[in-house]
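start.cif (mmCIF, C-alpha atoms)
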```
data_query
#
loop_
_atom_site.label_atom_id
_atom_site.label_comp_id
_atom_site.auth_asym_id
_atom_site.auth_seq_id
_atom_site.Cartn_x
_atom_site.Cartn_y
_atom_site.Cartn_z
CA MET N 1 18.74 -148.12 35.13
CA THR N 2 16.83 -145.56 37.20
CA THR N 3 15.35 -146.56 40.54
CA THR N 4 11.86 -146.59 39.02
CA GLN N 5 13.02 -148.89 36.22
CA MET N 6 14.63 -151.17 38.79
CA LEU N 7 11.40 -151.30 40.79
CA ILE N 8 9.40 -152.13 37.66
CA THR N 9 11.86 -154.92 36.82
CA VAL N 10 11.72 -156.39 40.33
CA PHE N 11 7.92 -156.31 40.41
CA ALA N 12 7.77 -157.86 36.91
CA ALA N 13 9.94 -160.69 38.23
CA GLY N 14 7.70 -160.98 41.30
CA ALA N 15 4.60 -161.14 39.12
CA ALA N 16 6.14 -163.88 36.98
CA THR N 17 7.00 -165.90 40.09
CA VAL N 18 3.52 -165.53 41.56
CA LEU N 19 2.04 -166.55 38.23
CA THR N 20 4.02 -169.81 38.15
CA ARG N 21 2.97 -170.61 41.71
CA ALA N 22 -0.69 -169.62 41.43
CA ILE N 23 -1.64 -170.79 37.96
CA ALA N 24 -2.37 -174.37 39.02
CA PHE N 25 -4.93 -173.09 41.52
CA ILE N 26 -6.61 -170.96 38.86
CA ALA N 27 -6.36 -173.13 35.75
CA PHE N 28 -6.44 -176.68 37.07
CA PRO N 29 -8.83 -176.91 39.98
CA PRO N 30 -9.07 -180.34 41.59
CA GLY N 31 -10.87 -182.87 39.47
CA ARG N 32 -9.83 -181.38 36.18
CA GLU N 33 -7.22 -183.38 34.27
CA THR N 34 -3.92 -181.56 33.69
CA PRO N 35 -3.18 -181.50 29.96
CA ARG N 36 -0.58 -184.13 29.05
CA CYS N 37 1.67 -181.66 27.25
CA ILE N 38 1.81 -179.49 30.38
CA SER N 39 2.87 -182.33 32.65
CA TYR N 40 5.38 -183.44 30.02
CA LEU N 41 6.99 -179.99 29.97
CA GLY N 42 7.13 -180.05 33.74
CA HIS N 43 9.38 -183.10 33.60
CA ALA N 44 11.44 -182.15 30.59
CA LEU N 45 12.01 -178.40 31.09
CA PRO N 46 13.94 -178.06 34.38
CA GLY N 47 17.05 -179.84 33.07
CA ALA N 48 17.05 -177.67 29.96
CA VAL N 49 16.40 -174.43 31.88
CA PHE N 50 19.36 -174.89 34.21
CA GLY N 51 21.53 -175.71 31.20
CA LEU N 52 20.39 -172.41 29.71
CA LEU N 53 21.24 -170.57 32.93
CA VAL N 54 24.77 -171.98 32.99
CA VAL N 55 25.24 -170.66 29.45
CA TYR N 56 23.70 -167.33 30.54
CA CYS N 57 26.37 -166.99 33.24
CA LEU N 58 29.11 -167.54 30.66
CA LYS N 59 27.68 -165.28 27.98
CA ASP N 60 30.36 -162.60 28.37
CA VAL N 61 33.31 -165.01 28.43
CA ASP N 62 35.52 -164.65 25.36
CA PRO N 63 37.78 -167.68 24.82
CA LEU N 64 39.85 -165.73 22.31
CA ALA N 65 40.70 -162.76 24.50
CA GLY N 66 41.55 -161.76 28.08
CA SER N 67 42.02 -164.79 30.28
CA HIS N 68 40.53 -167.07 27.60
CA GLY N 69 37.84 -168.37 29.95
CA ILE N 70 40.42 -170.33 31.94
CA PRO N 71 39.27 -169.03 35.38
CA GLU N 72 35.67 -169.87 34.45
CA ALA N 73 36.60 -173.38 33.30
CA ALA N 74 38.64 -174.00 36.45
CA GLY N 75 35.83 -172.72 38.68
CA ILE N 76 33.22 -174.84 36.94
CA LEU N 77 35.38 -177.97 37.16
CA LEU N 78 35.94 -177.39 40.87
CA ALA N 79 32.27 -176.59 41.57
CA GLY N 80 31.08 -179.62 39.59
CA GLY N 81 33.72 -182.01 40.90
CA LEU N 82 33.17 -181.00 44.52
CA TYR N 83 29.42 -181.28 44.12
CA LEU N 84 29.58 -184.77 42.63
CA TRP N 85 31.92 -185.77 45.44
CA ARG N 86 30.36 -184.15 48.56
CA HIS N 87 26.90 -183.10 47.37
CA SER N 88 27.12 -179.87 49.29
CA MET N 89 25.82 -176.87 47.38
CA LEU N 90 27.36 -174.28 49.70
CA LEU N 91 30.79 -175.94 49.77
CA SER N 92 30.85 -176.03 45.97
CA ILE N 93 29.83 -172.40 45.62
CA PHE N 94 32.27 -171.04 48.20
CA ALA N 95 35.27 -173.10 47.13
CA SER N 96 34.87 -172.45 43.41
CA THR N 97 34.14 -168.74 43.87
CA ALA N 98 37.24 -168.44 46.06
CA LEU N 99 39.33 -170.20 43.42
CA TYR N 100 37.89 -167.98 40.70
CA MET N 101 38.60 -164.82 42.72
CA VAL N 102 42.20 -165.88 43.32
CA LEU N 103 42.63 -166.59 39.60
CA VAL N 104 41.19 -163.32 38.31
CA ASN N 105 42.84 -161.14 40.94
CA PHE N 106 46.29 -162.69 41.27
CA VAL N 107 46.97 -164.92 38.28
CA PHE N 108 45.37 -163.35 35.22
CA MET B 1 -17.06 -177.73 68.62
CA THR B 2 -19.75 -175.26 69.60
CA GLU B 3 -19.45 -171.48 69.30
CA THR B 4 -17.35 -169.99 72.07
CA ASP B 5 -17.18 -166.39 73.22
CA PRO B 6 -14.70 -164.22 71.30
CA GLN B 7 -12.06 -164.12 74.01
CA THR B 8 -11.65 -167.87 74.45
CA ASP B 9 -11.84 -168.16 70.70
CA LEU B 10 -8.91 -165.79 70.29
CA ALA B 11 -6.93 -167.57 72.98
CA ALA B 12 -7.59 -170.90 71.30
CA ARG B 13 -6.46 -169.53 67.97
CA ARG B 14 -3.30 -168.14 69.50
CA ASN B 15 -2.64 -171.45 71.14
CA ARG B 16 -3.12 -173.26 67.84
CA ALA B 17 -0.68 -170.93 66.15
CA ARG B 18 1.90 -171.36 68.91
CA THR B 19 1.69 -175.16 68.88
CA ALA B 20 2.09 -175.14 65.10
CA LEU B 21 5.13 -172.84 65.32
CA ALA B 22 6.81 -175.20 67.78
CA ALA B 23 6.09 -178.11 65.44
CA ALA B 24 7.16 -176.30 62.28
CA PHE B 25 10.42 -174.67 63.41
CA PRO B 26 12.55 -177.85 63.69
CA HIS B 27 11.68 -178.77 60.11
CA THR B 28 13.03 -175.44 58.88
CA ILE B 29 16.41 -175.57 60.66
CA PRO B 30 18.26 -177.12 57.70
CA ILE B 31 16.78 -174.39 55.50
CA LEU B 32 17.86 -171.71 57.99
CA ALA B 33 21.54 -172.40 57.37
CA GLY B 34 21.15 -172.85 53.63
CA PHE B 35 18.99 -169.77 53.05
CA VAL B 36 21.05 -167.43 55.21
CA PHE B 37 24.28 -168.40 53.45
CA LEU B 38 22.82 -168.47 49.95
CA GLY B 39 21.01 -165.20 50.70
CA ILE B 40 24.28 -163.62 51.79
CA THR B 41 25.85 -164.85 48.55
CA CYS B 42 22.97 -163.43 46.53
CA GLY B 43 23.20 -160.09 48.34
CA ILE B 44 26.95 -159.86 47.88
CA TYR B 45 26.55 -160.76 44.23
CA ALA B 46 24.00 -157.96 43.77
CA GLY B 47 26.33 -155.58 45.59
CA SER B 48 29.24 -156.57 43.36
CA LEU B 49 27.15 -155.46 40.39
CA GLY B 50 26.81 -152.02 41.96
CA LEU B 51 23.12 -152.37 42.90
CA PRO B 52 21.85 -150.40 45.92
CA TRP B 53 22.16 -152.13 49.30
CA TRP B 54 18.38 -152.49 49.73
CA MET B 55 17.84 -154.19 46.39
CA PRO B 56 18.56 -157.76 47.63
CA THR B 57 16.12 -157.16 50.51
CA LEU B 58 13.41 -155.94 48.16
CA MET B 59 13.94 -158.88 45.82
CA SER B 60 13.88 -161.36 48.70
CA ILE B 61 10.51 -159.98 49.84
CA VAL B 62 8.85 -159.54 46.45
CA ILE B 63 10.30 -162.39 44.36
CA PHE B 64 11.37 -164.99 46.95
CA ALA B 65 12.90 -167.39 44.42
CA GLY B 66 16.65 -167.93 44.79
CA SER B 67 17.90 -168.74 41.31
CA ALA B 68 15.58 -166.19 39.71
CA GLU B 69 16.88 -163.44 42.01
CA PHE B 70 20.47 -163.98 40.87
CA VAL B 71 19.37 -163.62 37.26
CA VAL B 72 17.21 -160.57 38.01
CA ALA B 73 20.15 -158.96 39.81
CA SER B 74 22.33 -159.48 36.76
CA GLN B 75 19.61 -157.95 34.58
CA LEU B 76 19.19 -154.97 36.91
CA ALA B 77 22.80 -154.17 36.16
CA GLY B 78 22.03 -154.08 32.44
CA ALA B 79 19.58 -152.29 30.16
CA PHE B 80 15.92 -151.78 31.18
CA ASP B 81 13.96 -154.69 29.69
CA PRO B 82 11.20 -155.84 32.06
CA LEU B 83 9.54 -158.08 29.46
CA THR B 84 12.65 -160.21 29.08
CA THR B 85 12.98 -160.32 32.86
CA PHE B 86 9.35 -161.42 33.13
CA ALA B 87 9.84 -164.15 30.50
CA VAL B 88 13.11 -165.38 31.99
CA VAL B 89 11.69 -165.59 35.50
CA LEU B 90 8.60 -167.32 34.15
CA ILE B 91 10.68 -170.07 32.59
CA ILE B 92 13.12 -170.38 35.51
CA ASN B 93 10.20 -170.85 37.88
CA ALA B 94 8.01 -172.87 35.51
CA ARG B 95 8.56 -175.90 37.74
CA HIS B 96 6.51 -174.23 40.49
CA LEU B 97 3.40 -174.91 38.44
CA PHE B 98 3.82 -178.54 39.43
CA TYR B 99 4.21 -177.70 43.07
CA GLY B 100 0.87 -175.96 42.78
CA LEU B 101 -0.70 -179.03 41.22
CA SER B 102 0.56 -181.15 44.11
CA MET B 103 -0.81 -178.74 46.71
CA LEU B 104 -4.26 -178.14 45.18
CA GLU B 105 -6.00 -180.38 47.69
CA ARG B 106 -3.83 -179.48 50.65
CA PHE B 107 -4.33 -175.72 50.40
CA ARG B 108 -8.07 -176.08 50.09
CA GLY B 109 -10.23 -174.46 52.73
CA LEU B 110 -7.39 -172.48 54.30
CA GLY B 111 -9.04 -169.13 53.68
CA ARG B 112 -6.84 -166.13 54.31
CA LYS B 113 -3.68 -168.22 54.71
CA ARG B 114 -3.96 -169.58 51.18
CA PRO B 115 -2.71 -166.57 49.15
CA TYR B 116 0.47 -166.33 51.20
CA LEU B 117 1.02 -170.10 51.10
CA ILE B 118 0.83 -169.95 47.30
CA PHE B 119 3.01 -166.83 47.09
CA GLY B 120 5.72 -168.31 49.28
CA MET B 121 5.89 -171.74 47.67
CA CYS B 122 9.60 -171.85 46.79
CA ASP B 123 11.37 -175.20 46.29
CA GLU B 124 12.37 -175.73 49.91
CA THR B 125 9.05 -174.62 51.39
CA PHE B 126 7.21 -176.87 48.98
CA SER B 127 9.33 -179.90 49.85
CA ILE B 128 8.67 -179.49 53.57
CA ASN B 129 4.98 -178.75 53.21
CA TYR B 130 4.51 -181.54 50.70
CA ALA B 131 6.48 -184.22 52.51
CA THR B 132 5.73 -183.45 56.15
CA GLU B 133 2.67 -184.60 57.99
CA PRO B 134 2.14 -182.26 60.96
CA PRO B 135 2.01 -184.17 64.28
CA ALA B 136 -1.41 -185.07 65.64
CA GLY B 137 -3.18 -182.11 67.21
CA VAL B 138 -1.25 -179.55 65.16
CA ASP B 139 -3.25 -177.36 62.82
CA ARG B 140 -2.11 -178.05 59.26
CA GLY B 141 -2.82 -174.57 57.94
CA TRP B 142 -0.82 -172.89 60.68
CA PHE B 143 1.98 -175.45 60.33
CA MET B 144 2.37 -174.75 56.61
CA LEU B 145 2.07 -171.00 57.18
CA TRP B 146 4.93 -171.05 59.69
CA VAL B 147 7.14 -173.16 57.42
CA THR B 148 6.54 -170.68 54.61
CA LEU B 149 7.01 -167.59 56.75
CA LEU B 150 10.12 -168.85 58.57
CA ASN B 151 11.81 -169.78 55.28
CA HIS B 152 10.87 -166.42 53.82
CA LEU B 153 12.36 -164.64 56.86
CA TYR B 154 15.62 -166.64 56.68
CA TRP B 155 15.93 -165.65 53.04
CA ILE B 156 15.21 -161.97 53.75
CA VAL B 157 17.77 -161.93 56.58
CA GLY B 158 20.44 -163.58 54.42
CA CYS B 159 19.86 -161.29 51.44
CA THR B 160 19.86 -158.19 53.64
CA LEU B 161 23.13 -159.15 55.35
CA GLY B 162 24.67 -159.87 51.97
CA GLY B 163 23.27 -156.69 50.45
CA VAL B 164 24.66 -154.45 53.17
CA PHE B 165 28.01 -156.21 53.17
CA GLY B 166 28.10 -156.41 49.38
CA ALA B 167 27.38 -152.72 48.84
CA VAL B 168 30.15 -151.77 51.25
CA VAL B 169 32.85 -154.27 50.31
CA ALA B 170 32.14 -156.40 47.28
CA THR B 171 32.01 -153.74 44.59
CA SER B 172 35.75 -153.42 44.88
CA ILE B 173 36.48 -157.14 44.73
CA GLU B 174 36.59 -158.78 41.34
CA GLY B 175 35.21 -162.28 40.85
CA VAL B 176 32.37 -162.45 43.41
CA SER B 177 29.94 -162.78 40.52
CA PHE B 178 31.20 -166.30 39.87
CA ALA B 179 28.94 -167.42 42.73
CA MET B 180 26.00 -167.34 40.31
CA THR B 181 27.80 -169.55 37.79
CA ALA B 182 28.72 -172.01 40.55
CA LEU B 183 25.14 -172.04 41.82
CA PHE B 184 23.70 -172.93 38.43
CA VAL B 185 26.41 -175.52 37.71
CA VAL B 186 25.46 -177.21 40.98
CA ILE B 187 21.71 -177.07 40.31
CA PHE B 188 22.31 -178.34 36.77
CA LEU B 189 24.26 -181.34 38.11
CA ASP B 190 21.68 -181.98 40.81
CA GLN B 191 18.95 -181.99 38.18
CA TRP B 192 21.12 -184.22 35.96
CA GLU B 193 21.48 -186.81 38.73
CA LYS B 194 17.75 -186.80 39.48
CA ASP B 195 16.62 -186.94 35.87
CA ALA B 196 15.84 -190.24 34.16
CA GLN B 197 17.03 -188.79 30.86
CA HIS B 198 19.68 -186.26 29.90
CA LEU B 199 18.40 -185.35 26.48
CA SER B 200 16.59 -182.24 27.74
CA ALA B 201 19.62 -181.06 29.75
CA CYS B 202 21.84 -181.39 26.67
CA THR B 203 19.16 -179.68 24.59
CA GLY B 204 19.15 -176.73 27.00
CA VAL B 205 22.91 -176.24 26.81
CA LEU B 206 23.09 -176.69 23.02
CA ALA B 207 20.08 -174.50 22.21
CA ALA B 208 21.38 -171.77 24.53
CA ALA B 209 24.86 -171.96 23.01
CA ALA B 210 23.41 -171.80 19.49
CA ALA B 211 21.21 -168.80 20.38
CA LEU B 212 24.19 -167.09 22.00
CA ALA B 213 26.30 -167.60 18.87
CA ILE B 214 23.56 -166.26 16.60
CA PHE B 215 22.00 -163.43 18.63
CA GLY B 216 24.91 -162.33 20.83
CA ALA B 217 25.21 -161.93 24.60
CA ASP B 218 22.64 -159.15 25.00
CA ASN B 219 19.71 -160.62 23.08
CA PHE B 220 19.90 -164.39 23.22
CA MET B 221 17.70 -165.30 26.20
CA ILE B 222 14.27 -165.12 24.52
CA PRO B 223 15.38 -166.90 21.30
CA ALA B 224 17.12 -169.51 23.47
CA MET B 225 13.91 -170.17 25.42
CA VAL B 226 11.89 -170.45 22.21
CA LEU B 227 14.48 -172.86 20.76
CA ILE B 228 14.38 -174.97 23.91
CA LEU B 229 10.58 -175.18 23.85
CA ILE B 230 10.63 -176.21 20.19
CA ALA B 231 13.43 -178.75 20.67
CA VAL B 232 11.89 -180.29 23.78
CA THR B 233 8.53 -180.55 21.99
CA LEU B 234 10.10 -182.19 18.92
CA LEU B 235 12.01 -184.65 21.11
CA ARG B 236 8.94 -185.52 23.14
CA GLY B 237 8.74 -189.11 21.86
CA ARG B 238 12.31 -189.91 22.83
CA ILE B 239 12.25 -188.08 26.14
CA GLU B 240 8.99 -189.65 27.25
CA ARG B 241 10.29 -193.11 26.37
CA ALA B 242 13.23 -192.43 28.68
CA TYR B 243 10.85 -191.57 31.50
CA GLY B 244 8.89 -194.75 30.78
CA THR B 245 5.61 -194.94 32.58
CA ALA B 246 6.80 -192.28 35.03
CA GLY B 247 5.94 -189.73 32.34
CA ALA B 248 2.43 -189.34 33.69
CA SER B 249 3.21 -188.08 37.16
CA ARG B 250 5.95 -188.08 39.73
CA SER B 251 3.81 -187.50 42.75
#
```
As C-alpha cells - that is how I would like this structure written.
Amino acid sequence: MTTTQMLITVFAAGAATVLTRAIAFIAFPPGRETPRCISYLGHALPGAVFGLLVVYCLKDVDPLAGSHGIPEAAGILLAGGLYLWRHSMLLSIFASTALYMVLVNFVF
Amino acid sequence: MTETDPQTDLAARRNRARTALAAAFPHTIPILAGFVFLGITCGIYAGSLGLPWWMPTLMSIVIFAGSAEFVVASQLAGAFDPLTTFAVVLIINARHLFYGLSMLERFRGLGRKRPYLIFGMCDETFSINYATEPPAGVDRGWFMLWVTLLNHLYWIVGCTLGGVFGAVVATSIEGVSFAMTALFVVIFLDQWEKDAQHLSACTGVLAAAAALAIFGADNFMIPAMVLILIAVTLLRGRIERAYGTAGASRS
C-alpha cells in the first residue's frame, strides 16, 4: 500500500468510528423511541462480532501444513484459561503471546 | 450569576477547568495503565507488520478505538480496500451506538465540548462518564472532557511508544502478531461471561468459519458480516427469550 492509500484507509476507519459514536445524536434525539430492532442488535451483535474477530485472526492458519495451528491453539488455550482464572486482560495477552513466540521461534 | 467582566470570567473558567481536572484524573488512573500497555502492544503489532513507526500514532489520534485499530493495522499490511475497512470498523464499533443513546441527555447543552466528547467515546471513557457522578461543585462538562482527553492521551502515548519500539525491533521477531488473537479471545470470553445468552456468540464463530471456508482468507469478512446479520435476525425470537425482559434496555 502507498502512504496515500494507508492514509485513506486510516481516515475511512476513523469515519466509521465517528459514525458509530455520533449516529445516536443525529438519528435518535431525546424523546424519540429507538427502533426495537436496533436495540435488539445492540444486545445480540457484540458477542457475534468478537467471535468473528477471533476467526479473522486465525484466517491464515492452515491445520494441514506448517505447524498445523498448534502454536495458535496453545496460545488461545493459555489466553482463555488465564483470563477465566485471573480476569486480567494484560496478563492473558502477554503470557500467551510469549508462549506463542517461544513456540514459533524455538519449537516449530 | 450576573455578567462579569471578561477577565474574571476567564479566571473563573480556568478555575472550573482545573477543579474538574483534579476530580477527573483519579478516575482515569486504572485506564492509564491499561491503555499505555495495550497501546504499546498495538504499536508493536503494527510495527511487526512492517508499518511505518508513525502509523500507530496516527491511528490512535484519528480512530481511537482499540480493537478496531488492531484490525485496521492488519488490513494496512494487505491490499488497499478502504470500503471493507470502513465496513469492518463499523461493525466492530457498532456497540458505540448504544453508548451514544445512553449519553444523549448528558451531552446536551455542552456546546463546543460536545463534538469531542462524542468523538472520544471509546468503551473505557464511556464507562467512566456514564457511571461517575462528578463531585459537587465540579463542572460536569469539563469533568467529562478531561476524562475523554486524558484517556485519549494515554492511548496516543502507548501507541507511539509501541510504534517506535515496534518499527525498530519487532519486525525481526516472529510471533508478536499473536497479541491481536489473544486480545480478541479475551474480549470474546469477557463478552461471553456478561451475556445472558451464548447463541449469538456461537453464531458469530460459526458464520465466520463458514464464510472463511467458502470465500477464503482474503474475501470473507463482508460475507461473514452479512451472514451474521441474517443469522442473528432469524434467531431473534430465541435470543430475545434468553434475554427475557432485559431485551428492552440495559441502562
(request) Could you tell me which residues the PyMOL selection byres ((chain N) within 6 of (chain B)) returns for this structure, as number ranges by chain? (result) N: 9, 12-14, 16, 18, 20-21, 24, 42, 44, 47-48, 50-52, 54, 57, 59, 79, 93, 97, 101
(request) Kindly indicate which residue among B:Gln7, B:Thr19, B:Thr57, B:Ser172 lies nearest to Pro135 in chain B, using all atoms listed in the file for the distances. (result)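 Closest candidate: B:Thr19.
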(request) Figure out the distance between CA of Gly162 in chain B and CA of Gly75 in chain N, please, to one decimal in Å. (result)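 Calculated distance between CA of Gly75 in chain N and CA of Gly162 in chain B is 21.6 Å.
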(request) Would you mind reading off the distance between CA of Leu49 in chain B and CA of Leu64 in chain N, one decimal, in Å? (result)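 Pair CA of Leu49 in chain B / CA of Leu64 in chain N returns 24.4 Å.
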(request) Grab the CA of Ile214 in chain B to CA of Phe70 in chain B distance for me, in Å with one decimal place. (result) 24.6 Å
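When all atoms listed in the file are used to compute distances to Asn105 in chain N, the closest of the residues N:Leu84, N:Thr17, N:Leu78, N:Ser67 turns out to be N:Ser67.
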Enumerate, as a tab-separated table (two decimals) with C-alpha atoms, in the frame of the given file, the residues matched when the PyMOL selection byres ((chain B and resi 142) around 12) is run on the file above.
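Written out: expr_30.tsv:
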```tsv
chain	number	residue	atom	x	y	z
B	13	ARG	CA	-6.46	-169.53	67.97
B	14	ARG	CA	-3.30	-168.14	69.50
B	15	ASN	CA	-2.64	-171.45	71.14
B	16	ARG	CA	-3.12	-173.26	67.84
B	17	ALA	CA	-0.68	-170.93	66.15
B	18	ARG	CA	1.90	-171.36	68.91
B	19	THR	CA	1.69	-175.16	68.88
B	20	ALA	CA	2.09	-175.14	65.10
B	21	LEU	CA	5.13	-172.84	65.32
B	22	ALA	CA	6.81	-175.20	67.78
B	23	ALA	CA	6.09	-178.11	65.44
B	24	ALA	CA	7.16	-176.30	62.28
B	25	PHE	CA	10.42	-174.67	63.41
B	107	PHE	CA	-4.33	-175.72	50.40
B	110	LEU	CA	-7.39	-172.48	54.30
B	111	GLY	CA	-9.04	-169.13	53.68
B	112	ARG	CA	-6.84	-166.13	54.31
B	113	LYS	CA	-3.68	-168.22	54.71
B	114	ARG	CA	-3.96	-169.58	51.18
B	116	TYR	CA	0.47	-166.33	51.20
B	117	LEU	CA	1.02	-170.10	51.10
B	129	ASN	CA	4.98	-178.75	53.21
B	134	PRO	CA	2.14	-182.26	60.96
B	137	GLY	CA	-3.18	-182.11	67.21
B	138	VAL	CA	-1.25	-179.55	65.16
B	139	ASP	CA	-3.25	-177.36	62.82
B	140	ARG	CA	-2.11	-178.05	59.26
B	141	GLY	CA	-2.82	-174.57	57.94
B	143	PHE	CA	1.98	-175.45	60.33
B	144	MET	CA	2.37	-174.75	56.61
B	145	LEU	CA	2.07	-171.00	57.18
B	146	TRP	CA	4.93	-171.05	59.69
B	147	VAL	CA	7.14	-173.16	57.42
B	148	THR	CA	6.54	-170.68	54.61
B	149	LEU	CA	7.01	-167.59	56.75
B	150	LEU	CA	10.12	-168.85	58.57
```
(message) For a quick check of understanding, using only C-alpha atoms, which of N:Ile70, N:Leu77, N:Leu90, N:Leu7 has the smallest distance to Val104 in chain N?
(response)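 The closest residue to Val104 in chain N is N:Ile70.
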Would you fill the gaps in range 80-99 of chain N so it has N, CA and C atoms, then print it as a PDB file, in the coordinates of the input?
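Once everything was written out, this is result_39.pdb:
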```pdb
ATOM      1  N   GLY N  80      31.724-178.372  40.007  1.00  0.00           N
ATOM      2  CA  GLY N  80      31.080-179.620  39.590  1.00  0.00           C
ATOM      3  C   GLY N  80      31.698-180.828  40.274  1.00  0.00           C
ATOM      4  N   GLY N  81      33.031-180.879  40.282  1.00  0.00           N
ATOM      5  CA  GLY N  81      33.720-182.010  40.900  1.00  0.00           C
ATOM      6  C   GLY N  81      33.388-182.130  42.371  1.00  0.00           C
ATOM      7  N   LEU N  82      33.477-181.003  43.087  1.00  0.00           N
ATOM      8  CA  LEU N  82      33.170-181.000  44.520  1.00  0.00           C
ATOM      9  C   LEU N  82      31.735-181.435  44.763  1.00  0.00           C
ATOM     10  N   TYR N  83      30.827-180.951  43.893  1.00  0.00           N
ATOM     11  CA  TYR N  83      29.420-181.280  44.120  1.00  0.00           C
ATOM     12  C   TYR N  83      29.174-182.774  43.932  1.00  0.00           C
ATOM     13  N   LEU N  84      29.777-183.339  42.873  1.00  0.00           N
ATOM     14  CA  LEU N  84      29.580-184.770  42.630  1.00  0.00           C
ATOM     15  C   LEU N  84      30.186-185.595  43.765  1.00  0.00           C
ATOM     16  N   TRP N  85      31.230-185.040  44.381  1.00  0.00           N
ATOM     17  CA  TRP N  85      31.920-185.770  45.440  1.00  0.00           C
ATOM     18  C   TRP N  85      31.191-185.628  46.786  1.00  0.00           C
ATOM     19  N   ARG N  86      30.919-184.373  47.219  1.00  0.00           N
ATOM     20  CA  ARG N  86      30.360-184.150  48.560  1.00  0.00           C
ATOM     21  C   ARG N  86      28.865-183.843  48.583  1.00  0.00           C
ATOM     22  N   HIS N  87      28.314-183.485  47.452  1.00  0.00           N
ATOM     23  CA  HIS N  87      26.900-183.100  47.370  1.00  0.00           C
ATOM     24  C   HIS N  87      26.523-181.968  48.299  1.00  0.00           C
ATOM     25  N   SER N  88      27.437-181.041  48.482  1.00  0.00           N
ATOM     26  CA  SER N  88      27.120-179.870  49.290  1.00  0.00           C
ATOM     27  C   SER N  88      27.142-178.634  48.400  1.00  0.00           C
ATOM     28  N   MET N  89      25.962-178.035  48.249  1.00  0.00           N
ATOM     29  CA  MET N  89      25.820-176.870  47.380  1.00  0.00           C
ATOM     30  C   MET N  89      26.703-175.715  47.865  1.00  0.00           C
ATOM     31  N   LEU N  90      26.646-175.440  49.180  1.00  0.00           N
ATOM     32  CA  LEU N  90      27.360-174.280  49.700  1.00  0.00           C
ATOM     33  C   LEU N  90      28.873-174.460  49.582  1.00  0.00           C
ATOM     34  N   LEU N  91      29.356-175.665  49.893  1.00  0.00           N
ATOM     35  CA  LEU N  91      30.790-175.940  49.770  1.00  0.00           C
ATOM     36  C   LEU N  91      31.248-175.683  48.335  1.00  0.00           C
ATOM     37  N   SER N  92      30.496-176.206  47.378  1.00  0.00           N
ATOM     38  CA  SER N  92      30.850-176.030  45.970  1.00  0.00           C
ATOM     39  C   SER N  92      30.912-174.558  45.594  1.00  0.00           C
ATOM     40  N   ILE N  93      29.886-173.816  46.000  1.00  0.00           N
ATOM     41  CA  ILE N  93      29.830-172.400  45.620  1.00  0.00           C
ATOM     42  C   ILE N  93      30.990-171.624  46.238  1.00  0.00           C
ATOM     43  N   PHE N  94      31.228-171.828  47.536  1.00  0.00           N
ATOM     44  CA  PHE N  94      32.270-171.040  48.200  1.00  0.00           C
ATOM     45  C   PHE N  94      33.649-171.401  47.680  1.00  0.00           C
ATOM     46  N   ALA N  95      33.930-172.699  47.559  1.00  0.00           N
ATOM     47  CA  ALA N  95      35.270-173.100  47.130  1.00  0.00           C
ATOM     48  C   ALA N  95      35.547-172.618  45.706  1.00  0.00           C
ATOM     49  N   SER N  96      34.584-172.803  44.805  1.00  0.00           N
ATOM     50  CA  SER N  96      34.870-172.450  43.410  1.00  0.00           C
ATOM     51  C   SER N  96      34.918-170.938  43.225  1.00  0.00           C
ATOM     52  N   THR N  97      34.077-170.190  43.975  1.00  0.00           N
ATOM     53  CA  THR N  97      34.140-168.740  43.870  1.00  0.00           C
ATOM     54  C   THR N  97      35.474-168.226  44.406  1.00  0.00           C
ATOM     55  N   ALA N  98      35.945-168.828  45.507  1.00  0.00           N
ATOM     56  CA  ALA N  98      37.240-168.440  46.060  1.00  0.00           C
ATOM     57  C   ALA N  98      38.347-168.693  45.031  1.00  0.00           C
ATOM     58  N   LEU N  99      38.315-169.883  44.430  1.00  0.00           N
ATOM     59  CA  LEU N  99      39.330-170.200  43.420  1.00  0.00           C
ATOM     60  C   LEU N  99      39.280-169.185  42.271  1.00  0.00           C
TER      61      LEU N  99
END
```
